[in-house]
Amino acid sequence: MADVSGKMVAYTCYSCHGEQLTNLKSTQPLSTISLRNTLLAFKYDAKSASMMNRIAKGFTDNELMAVATYITGSH
Amino acid sequence: MISRRQFMHLSSRSAALWLTGCHKRAFNSSSAHVVIIGGGFGGATAAKMIKQLDSSIKVTLIEPKQHYITCPGSNWVLAGFKKIESLNVSYQQLLSRYDVGIIHQKVATINPEKHYVTLSDKQKIPYDRLIVSPGIDFRWELIEGHDNSTSHLIPHAWKAGIQTTLLKNQLQAMKNGGTVVICAPPNPFRCPPGPYERASMIAYYLKQHKPKSKIIILDAKSQFSKQQLFFKSWEKHYGFASNNSMIEWHSIPDNPIRKIDIKNRQLETDFGDIFKADVLNYIPTQKAANIAHTAGLCDESGWCPVNHQTSESTLHPDIHVIGDASIQNPIPKSAFAANAEAKVCAFAVVNLLNQFEAIEPLWVNTCYSLITQEQGISIAMVYKLNQQGKIIKVTGAGGVTPNIAEATLTIEANNAKRWLKTIVMDSFK
Ligand SMILES: Cc1cc2nc3c(=O)[nH]c(=O)nc-3n(C[C@H](O)[C@H](O)[C@H](O)COP(=O)(O)OP(=O)(O)OC[C@H]3O[C@@H](n4cnc5c(N)ncnc54)[C@H](O)[C@@H]3O)c2cc1C
C-alpha cells in the first residue's frame, strides 16, 4: 500500500479535533517535529492516552511526518 | 447521444489537451455542477469539503428538512440529561461560509443516463456528478402487524426527532416495575453499538426514577459491538448477570420476531414465543434509503455497491454513494464513517472533475457509547485500501477502550460529548 498524503490524513484528524485543532490540549504553537514526535510517542506507546494510541497505530511513520508537516504548515 | 453540456466538456477538454499537451486540469472544473442528495453527515461533509478543495465547482445540496437532527446524542435524550432541541443543526453555514446551494425538497427520481434528478415539485436539476447520501429505510415487509403507519405507537427512534420524543414520552409514562423491550436488528444496520447504548441510557433513567423496571433486549444477532465492555459496565452499574439485573440480553438469531400485536404491545417469534412489553422499541431490519432503490443503485443485499477508491457506484457511472446507504465493509455504518467516506468521496470527485490523479484513500471510524452520564466506552479503527480495491483494517490499529478503570471511562464519556460537538462542526460548519 502506498503512503497516504498528509492532507488526506489531516482531514481524518479533523473529525475529532476540528480544522483548527482547537481540541488539542496544548496551547503552545505546534512545531512540525514536536507534533511528529508526539504522534510517534502515541504510536509506539511511549505516551499513553484514552484514544490516540489506537489512532496513531493506523499510520506509517512517514504518514505521521506528512500529517505533522501539513498541519503545522497550514495552521 | 451526448448532451450539449457534455459536448462542451469534451470539446474544451480536447482543446486544452491540444493547446498545452497536459493531461492534468484538462478542462476547467468551474463548468462542473455537483448535486448532493441528503443533508446528513455524509452529504453535508461532502458539500463543505468539495467547496473547500475547489470553490469553482458549483455544489447543490438537496434535503427536505429545514434543519438536521443528529442521531448521535439521541440516546442521551432518553436518559434525561440531553435536550432533543440541542441536537438540531442548521444548514446556514454551508450556504454562508462555503456557498453551497441548498434546496429544501425531496428527490423523487434520478435519471442516470441523462444526468439529472427530479424533485418532488417536478423541477429537474442537471448534474455532472451526483453524490447520494440518503441514509436508511426500514424493511417493514419482514414483520407482520406493524409498519410505518403504526410507528407512532411502537417507535423505532432510529431516525432522531419526533420518534425520539415519542419513545421518551412512553418511558416517562411507564409505571415503576414496567418492562421495556428493545428489539435489536440483524446486521448490517446503522450504528452497531446503538441499541446497547440505548439500553444503557434507558437503564440510567429507570434506575433513578423507576428502579423496579426491567429492560429486555431481544437480539437478532449472536454477538454485538463492544459486547464485553457493555457487559462489564452493565454489571457495575445495572446489576447485569445478577438475580436483580435491570438489563437482560436474549440472543434469538434462529427465532426471529415475526409478529407485533400493537394493541397489547406484544411480540411473537417464529417458534411462537410471546414477549409482552410496557414500552416496545422495535428497531426494524434496515436497507439503503428508498431513493437508492428506485434509482437502481442497490444490489440484492438492499445496499449500494461502490468502488472504494472513488465511492462511485458500480451500477451507474458518475453517481457516488456514501454513508449508511453504501456498502463499505468492514467500516460500520456511523456518523463518523459517513463523514470519513464523504471526505474520500470529495477528494475523488474534485480530482475526477479536474482530471487530477487519484489519491490514496484512508478512513477512520470511532464509535463512542455512554453507559451512564459520566462513563463511556469506545471502539476505533483505521482503514486503508488494498491492492485488490478492498477496504481493510490496518493491522495493529484501533480497538476498544484500553482499560475499564473508572477514570478512563470518565475521560471517554467527556470525549464522547466533545466529539459530538466537533463532528457537527466538521460536517456542517
Ligand atoms: C440512536 C442512534 C445513535 C447513533 N449514535 C451514533 C454515534 O454516537 N456516533 C456515530 O458515529 N453514529 C451514530 N449513529 C449513526 C448515524 O446517525 C448514521 O450513521 C449517520 O447519520 C449516517 O449518515 P448519512 O449521511 O448516511 O445519513 P443521514 O444522516 O440519515 O442523512 C440522510 C439525509 O438524507 C435525506 N434524504 C433521504 N431521502 C432523500 C431524498 N429522496 N431526497 C433528498 N434527501 C433525502 C434525509 O432527510 C436525511 O437528512 C447513531 C444512530 C442512531 C439511530
# chains A, B, ... in the order shown; residues from 1 in each chain; ligands from 1
>>> select_by_dssp(residues="chain A", states="helix (DSSP H, G or I)", output="mmCIF file with N, CA and C atoms, in the first residue's frame")
data_model
loop_
_atom_site.group_PDB
_atom_site.id
_atom_site.type_symbol
_atom_site.label_atom_id
_atom_site.label_comp_id
_atom_site.auth_asym_id
_atom_site.auth_seq_id
_atom_site.Cartn_x
_atom_site.Cartn_y
_atom_site.Cartn_z
ATOM 1 N N GLY A 6 -0.335 13.729 3.495
ATOM 2 C CA GLY A 6 -0.542 14.448 4.758
ATOM 3 C C GLY A 6 -1.898 15.120 4.808
ATOM 4 N N LYS A 7 -2.360 15.600 3.657
ATOM 5 C CA LYS A 7 -3.642 16.298 3.615
ATOM 6 C C LYS A 7 -4.802 15.334 3.880
ATOM 7 N N MET A 8 -4.780 14.177 3.226
ATOM 8 C CA MET A 8 -5.840 13.178 3.440
ATOM 9 C C MET A 8 -5.857 12.757 4.914
ATOM 10 N N VAL A 9 -4.675 12.515 5.485
ATOM 11 C CA VAL A 9 -4.610 12.105 6.899
ATOM 12 C C VAL A 9 -5.162 13.229 7.781
ATOM 13 N N ALA A 10 -4.781 14.464 7.498
ATOM 14 C CA ALA A 10 -5.197 15.592 8.336
ATOM 15 C C ALA A 10 -6.723 15.699 8.409
ATOM 16 N N TYR A 11 -7.378 15.461 7.261
ATOM 17 C CA TYR A 11 -8.845 15.567 7.276
ATOM 18 C C TYR A 11 -9.482 14.519 8.198
ATOM 19 N N THR A 12 -8.797 13.389 8.388
ATOM 20 C CA THR A 12 -9.357 12.406 9.324
ATOM 21 C C THR A 12 -9.145 12.855 10.780
ATOM 22 N N CYS A 13 -8.093 13.617 11.031
ATOM 23 C CA CYS A 13 -7.879 14.152 12.390
ATOM 24 C C CYS A 13 -8.973 15.163 12.727
ATOM 25 N N TYR A 14 -9.424 15.910 11.723
ATOM 26 C CA TYR A 14 -10.400 16.982 11.964
ATOM 27 C C TYR A 14 -11.711 16.436 12.543
ATOM 28 N N SER A 15 -12.037 15.166 12.265
ATOM 29 C CA SER A 15 -13.294 14.591 12.769
ATOM 30 C C SER A 15 -13.353 14.600 14.296
ATOM 31 N N CYS A 16 -12.190 14.595 14.935
ATOM 32 C CA CYS A 16 -12.161 14.660 16.409
ATOM 33 C C CYS A 16 -11.604 15.974 16.918
ATOM 34 N N HIS A 17 -10.730 16.601 16.141
ATOM 35 C CA HIS A 17 -10.051 17.792 16.651
ATOM 36 C C HIS A 17 -10.552 19.085 16.024
ATOM 37 N N THR A 32 6.482 21.316 13.727
ATOM 38 C CA THR A 32 6.316 20.075 12.973
ATOM 39 C C THR A 32 6.957 18.894 13.699
ATOM 40 N N ILE A 33 8.176 19.101 14.159
ATOM 41 C CA ILE A 33 8.912 17.989 14.776
ATOM 42 C C ILE A 33 8.286 17.581 16.103
ATOM 43 N N SER A 34 7.863 18.553 16.897
ATOM 44 C CA SER A 34 7.280 18.149 18.181
ATOM 45 C C SER A 34 5.939 17.455 17.969
ATOM 46 N N LEU A 35 5.190 17.895 16.965
ATOM 47 C CA LEU A 35 3.920 17.215 16.674
ATOM 48 C C LEU A 35 4.195 15.784 16.188
ATOM 49 N N ARG A 36 5.186 15.657 15.292
ATOM 50 C CA ARG A 36 5.513 14.314 14.810
ATOM 51 C C ARG A 36 5.966 13.426 15.972
ATOM 52 N N ASN A 37 6.776 13.994 16.861
ATOM 53 C CA ASN A 37 7.274 13.210 17.993
ATOM 54 C C ASN A 37 6.136 12.773 18.913
ATOM 55 N N THR A 38 5.172 13.669 19.127
ATOM 56 C CA THR A 38 4.016 13.295 19.950
ATOM 57 C C THR A 38 3.265 12.145 19.297
ATOM 58 N N LEU A 39 3.060 12.229 17.983
ATOM 59 C CA LEU A 39 2.313 11.184 17.276
ATOM 60 C C LEU A 39 3.071 9.852 17.314
ATOM 61 N N LEU A 40 4.402 9.917 17.145
ATOM 62 C CA LEU A 40 5.205 8.693 17.219
ATOM 63 C C LEU A 40 5.152 8.115 18.635
ATOM 64 N N ALA A 41 5.156 9.000 19.627
ATOM 65 C CA ALA A 41 5.092 8.539 21.026
ATOM 66 C C ALA A 41 3.776 7.802 21.279
ATOM 67 N N PHE A 42 2.690 8.313 20.705
ATOM 68 C CA PHE A 42 1.398 7.607 20.822
ATOM 69 C C PHE A 42 1.481 6.260 20.099
ATOM 70 N N LYS A 43 2.045 6.289 18.895
ATOM 71 C CA LYS A 43 2.079 5.059 18.087
ATOM 72 C C LYS A 43 2.863 3.954 18.787
ATOM 73 N N MET A 52 -5.609 8.199 21.474
ATOM 74 C CA MET A 52 -4.646 8.491 20.400
ATOM 75 C C MET A 52 -3.737 7.322 20.032
ATOM 76 N N ASN A 53 -3.441 6.443 20.994
ATOM 77 C CA ASN A 53 -2.590 5.302 20.646
ATOM 78 C C ASN A 53 -3.255 4.436 19.582
ATOM 79 N N ARG A 54 -4.554 4.210 19.777
ATOM 80 C CA ARG A 54 -5.306 3.367 18.833
ATOM 81 C C ARG A 54 -5.347 3.983 17.437
ATOM 82 N N ILE A 55 -5.395 5.322 17.398
ATOM 83 C CA ILE A 55 -5.444 6.027 16.109
ATOM 84 C C ILE A 55 -4.051 6.052 15.465
ATOM 85 N N ALA A 56 -3.047 6.454 16.239
ATOM 86 C CA ALA A 56 -1.697 6.648 15.675
ATOM 87 C C ALA A 56 -1.138 5.348 15.100
ATOM 88 N N ASP A 61 5.180 5.679 9.851
ATOM 89 C CA ASP A 61 5.962 6.807 10.387
ATOM 90 C C ASP A 61 5.999 7.946 9.369
ATOM 91 N N ASN A 62 6.113 7.588 8.094
ATOM 92 C CA ASN A 62 6.136 8.624 7.042
ATOM 93 C C ASN A 62 4.830 9.399 6.999
ATOM 94 N N GLU A 63 3.725 8.683 7.179
ATOM 95 C CA GLU A 63 2.426 9.369 7.162
ATOM 96 C C GLU A 63 2.297 10.315 8.360
ATOM 97 N N LEU A 64 2.829 9.910 9.499
ATOM 98 C CA LEU A 64 2.757 10.796 10.677
ATOM 99 C C LEU A 64 3.622 12.041 10.463
ATOM 100 N N MET A 65 4.752 11.875 9.812
ATOM 101 C CA MET A 65 5.584 13.034 9.469
ATOM 102 C C MET A 65 4.825 13.931 8.483
ATOM 103 N N ALA A 66 4.199 13.300 7.499
ATOM 104 C CA ALA A 66 3.486 14.073 6.471
ATOM 105 C C ALA A 66 2.318 14.848 7.073
ATOM 106 N N VAL A 67 1.581 14.235 7.987
ATOM 107 C CA VAL A 67 0.441 14.948 8.563
ATOM 108 C C VAL A 67 0.926 16.057 9.489
ATOM 109 N N ALA A 68 2.022 15.814 10.197
ATOM 110 C CA ALA A 68 2.586 16.865 11.063
ATOM 111 C C ALA A 68 3.017 18.051 10.218
ATOM 112 N N THR A 69 3.626 17.770 9.081
ATOM 113 C CA THR A 69 4.070 18.832 8.173
ATOM 114 C C THR A 69 2.867 19.600 7.624
ATOM 115 N N TYR A 70 1.844 18.849 7.206
ATOM 116 C CA TYR A 70 0.668 19.501 6.625
ATOM 117 C C TYR A 70 -0.033 20.379 7.661
ATOM 118 N N ILE A 71 -0.228 19.831 8.847
ATOM 119 C CA ILE A 71 -0.981 20.571 9.879
ATOM 120 C C ILE A 71 -0.217 21.816 10.333
ATOM 121 N N THR A 72 1.072 21.683 10.583
ATOM 122 C CA THR A 72 1.812 22.844 11.078
ATOM 123 C C THR A 72 2.041 23.859 9.963
ATOM 124 N N GLY A 73 2.036 23.384 8.729
ATOM 125 C CA GLY A 73 2.175 24.311 7.607
ATOM 126 C C GLY A 73 0.916 25.098 7.342
ATOM 127 N N SER A 74 -0.244 24.502 7.643
ATOM 128 C CA SER A 74 -1.483 25.163 7.239
ATOM 129 C C SER A 74 -2.166 25.854 8.411
#
>>> residues_around(residues="Cys298 in chain B", least_positions_apart="4", cutoff="12 Å", atoms="only C-alpha atoms", output="PyMOL selection string")
chain B and resi 132+287-294+302-306+313-316+321+325-327
>>> write_last_selection(atoms="C-alpha atoms", output="tab-separated table (two decimals), in the first residue's frame")
chain	number	residue	atom	x	y	z
B	132	VAL	CA	-26.12	10.16	-2.89
B	287	LYS	CA	-31.83	-1.18	3.92
B	288	ALA	CA	-30.50	1.75	1.91
B	289	ALA	CA	-33.00	4.64	1.77
B	290	ASN	CA	-35.80	4.29	-0.80
B	291	ILE	CA	-34.37	6.75	-3.34
B	292	ALA	CA	-31.31	4.48	-3.74
B	293	HIS	CA	-33.65	1.60	-4.59
B	294	THR	CA	-35.82	3.49	-7.08
B	302	GLY	CA	-30.54	-3.89	-0.37
B	303	TRP	CA	-27.43	-1.67	-0.10
B	304	CYS	CA	-25.33	0.21	-2.68
B	305	PRO	CA	-22.11	-1.32	-4.03
B	306	VAL	CA	-19.34	1.20	-4.76
B	313	SER	CA	-21.47	3.35	-7.82
B	314	THR	CA	-20.54	0.13	-9.61
B	315	LEU	CA	-24.05	0.18	-11.15
B	316	HIS	CA	-24.28	3.75	-12.51
B	321	VAL	CA	-22.89	6.73	-2.87
B	325	ALA	CA	-26.69	3.57	2.22
B	326	SER	CA	-23.38	2.37	0.74
B	327	ILE	CA	-21.50	-0.90	1.19
>>> residues_near_ligand(ligand="ligand 1", cutoff="6 Å", atoms="only C-alpha atoms and all ligand atoms", output="PyMOL selection string")
chain B and resi 37-43+62-65+71-72+74-75+106-108+133-135+158-159+190-191+194+291+323-325+333-336+338+367-368
>>> write_last_selection(atoms="N, CA and C atoms", output="tab-separated table (two decimals), in the first residue's frame")
chain	number	residue	atom	x	y	z
B	37	ILE	N	-27.54	14.50	-2.78
B	37	ILE	CA	-28.85	14.12	-2.23
B	37	ILE	C	-28.68	13.73	-0.76
B	38	GLY	N	-29.32	14.49	0.14
B	38	GLY	CA	-29.29	14.16	1.56
B	38	GLY	C	-28.32	15.01	2.35
B	39	GLY	N	-28.86	15.80	3.27
B	39	GLY	CA	-28.02	16.68	4.10
B	39	GLY	C	-27.76	16.11	5.48
B	40	GLY	N	-27.40	14.81	5.53
B	40	GLY	CA	-26.97	14.22	6.80
B	40	GLY	C	-25.46	14.36	6.93
B	41	PHE	N	-24.85	13.52	7.77
B	41	PHE	CA	-23.40	13.63	7.99
B	41	PHE	C	-22.63	13.42	6.69
B	42	GLY	N	-23.06	12.47	5.86
B	42	GLY	CA	-22.36	12.22	4.61
B	42	GLY	C	-22.50	13.38	3.64
B	43	GLY	N	-23.73	13.76	3.33
B	43	GLY	CA	-23.97	14.78	2.32
B	43	GLY	C	-23.42	16.15	2.71
B	62	ILE	N	-29.50	18.84	-1.78
B	62	ILE	CA	-30.95	18.71	-1.76
B	62	ILE	C	-31.37	17.92	-0.53
B	63	GLU	N	-32.16	18.54	0.34
B	63	GLU	CA	-32.53	17.93	1.62
B	63	GLU	C	-33.91	18.48	2.01
B	64	PRO	N	-34.90	17.59	2.25
B	64	PRO	CA	-36.25	18.10	2.55
B	64	PRO	C	-36.35	18.84	3.88
B	65	LYS	N	-35.58	18.44	4.88
B	65	LYS	CA	-35.74	19.04	6.21
B	65	LYS	C	-35.07	20.42	6.29
B	71	CYS	N	-28.66	11.83	15.03
B	71	CYS	CA	-28.91	10.59	15.80
B	71	CYS	C	-27.90	10.46	16.93
B	72	PRO	N	-26.60	10.73	16.65
B	72	PRO	CA	-25.66	10.72	17.78
B	72	PRO	C	-26.16	11.68	18.87
B	74	SER	N	-28.88	11.13	20.53
B	74	SER	CA	-30.33	10.99	20.72
B	74	SER	C	-30.66	9.96	21.80
B	75	ASN	N	-29.77	8.98	22.02
B	75	ASN	CA	-29.99	8.06	23.15
B	75	ASN	C	-29.84	8.79	24.49
B	106	LYS	N	-37.48	17.02	-1.62
B	106	LYS	CA	-37.12	15.62	-1.70
B	106	LYS	C	-36.82	15.29	-3.16
B	107	VAL	N	-35.80	14.48	-3.39
B	107	VAL	CA	-35.57	14.00	-4.75
B	107	VAL	C	-36.53	12.84	-5.01
B	108	ALA	N	-37.30	12.94	-6.11
B	108	ALA	CA	-38.27	11.89	-6.43
B	108	ALA	C	-37.63	10.80	-7.28
B	133	SER	N	-26.36	10.42	-0.48
B	133	SER	CA	-26.14	10.06	0.94
B	133	SER	C	-27.47	10.12	1.69
B	134	PRO	N	-28.43	9.26	1.33
B	134	PRO	CA	-29.80	9.41	1.83
B	134	PRO	C	-30.09	8.62	3.11
B	135	GLY	N	-29.07	7.92	3.65
B	135	GLY	CA	-29.29	7.17	4.89
B	135	GLY	C	-30.08	5.89	4.66
B	158	TRP	N	-35.05	5.26	15.41
B	158	TRP	CA	-33.78	5.03	14.71
B	158	TRP	C	-33.51	6.11	13.68
B	159	LYS	N	-34.43	7.10	13.62
B	159	LYS	CA	-34.17	8.37	12.93
B	159	LYS	C	-34.55	9.39	13.99
B	190	ARG	N	-27.49	0.67	10.87
B	190	ARG	CA	-26.94	1.96	11.30
B	190	ARG	C	-26.55	1.89	12.78
B	191	CYS	N	-25.30	2.23	13.07
B	191	CYS	CA	-24.79	2.36	14.45
B	191	CYS	C	-24.82	1.04	15.24
B	194	GLY	N	-25.43	1.10	18.86
B	194	GLY	CA	-26.56	1.97	19.22
B	194	GLY	C	-27.62	1.35	20.11
B	291	ILE	N	-34.81	6.12	-2.08
B	291	ILE	CA	-34.37	6.75	-3.34
B	291	ILE	C	-33.24	5.93	-3.99
B	323	GLY	N	-22.03	7.05	3.04
B	323	GLY	CA	-22.82	6.98	4.26
B	323	GLY	C	-23.49	5.63	4.44
B	324	ASP	N	-24.51	5.60	5.28
B	324	ASP	CA	-25.18	4.35	5.64
B	324	ASP	C	-25.66	3.56	4.43
B	325	ALA	N	-26.09	4.24	3.37
B	325	ALA	CA	-26.69	3.57	2.22
B	325	ALA	C	-25.67	2.72	1.46
B	333	LYS	N	-21.62	1.35	9.78
B	333	LYS	CA	-22.47	2.48	9.41
B	333	LYS	C	-22.59	3.42	10.60
B	334	SER	N	-21.88	4.56	10.52
B	334	SER	CA	-21.91	5.51	11.62
B	334	SER	C	-21.78	6.92	11.06
B	335	ALA	N	-22.05	7.90	11.90
B	335	ALA	CA	-21.88	9.30	11.50
B	335	ALA	C	-20.40	9.57	11.24
B	336	PHE	N	-19.55	9.02	12.12
B	336	PHE	CA	-18.10	9.19	11.95
B	336	PHE	C	-17.68	8.65	10.59
B	338	ALA	N	-19.63	8.08	7.91
B	338	ALA	CA	-20.24	8.84	6.81
B	338	ALA	C	-19.40	10.08	6.52
B	367	CYS	N	-16.65	4.81	17.39
B	367	CYS	CA	-17.99	4.91	17.95
B	367	CYS	C	-17.88	4.97	19.46
B	368	TYR	N	-18.25	6.11	20.01
B	368	TYR	CA	-18.34	6.27	21.46
B	368	TYR	C	-19.75	5.85	21.90
>>> interface_residues(of="chain B", to="chain A", cutoff="6 Å", atoms="only C-alpha atoms", output="JSON, numbers by chain")
{"B": [360, 382, 394, 397, 398, 419, 422, 423, 426]}
>>> residues_around(residues="Ser56 in chain B", least_positions_apart="4", cutoff="12 Å", atoms="only C-alpha atoms", output="list of chain:residue names")
B:Asn28, B:Ser29, B:Ser30, B:Ser31, B:Ala32, B:His33, B:Val34, B:Ile50, B:Lys51, B:Gln52, B:Tyr98, B:Asp99, B:Val100, B:Val350, B:Leu353, B:Asn354
>>> residues_around(residues="Thr310 in chain B", least_positions_apart="4", cutoff="7 Å", atoms="only C-alpha atoms", output="list in words")
Val344, Cys345 and Ala348 of chain B
>>> write_last_selection(atoms="N, CA and C atoms", output="mmCIF file, in the first residue's frame")
data_model
loop_
_atom_site.group_PDB
_atom_site.id
_atom_site.type_symbol
_atom_site.label_atom_id
_atom_site.label_comp_id
_atom_site.auth_asym_id
_atom_site.auth_seq_id
_atom_site.Cartn_x
_atom_site.Cartn_y
_atom_site.Cartn_z
ATOM 1 N N VAL B 344 -13.278 11.088 1.538
ATOM 2 C CA VAL B 344 -12.675 10.312 0.452
ATOM 3 C C VAL B 344 -13.387 10.626 -0.862
ATOM 4 N N CYS B 345 -14.717 10.707 -0.786
ATOM 5 C CA CYS B 345 -15.526 10.996 -1.975
ATOM 6 C C CYS B 345 -15.245 12.405 -2.509
ATOM 7 N N ALA B 348 -12.066 12.465 -4.361
ATOM 8 C CA ALA B 348 -12.205 11.738 -5.632
ATOM 9 C C ALA B 348 -12.974 12.576 -6.651
#
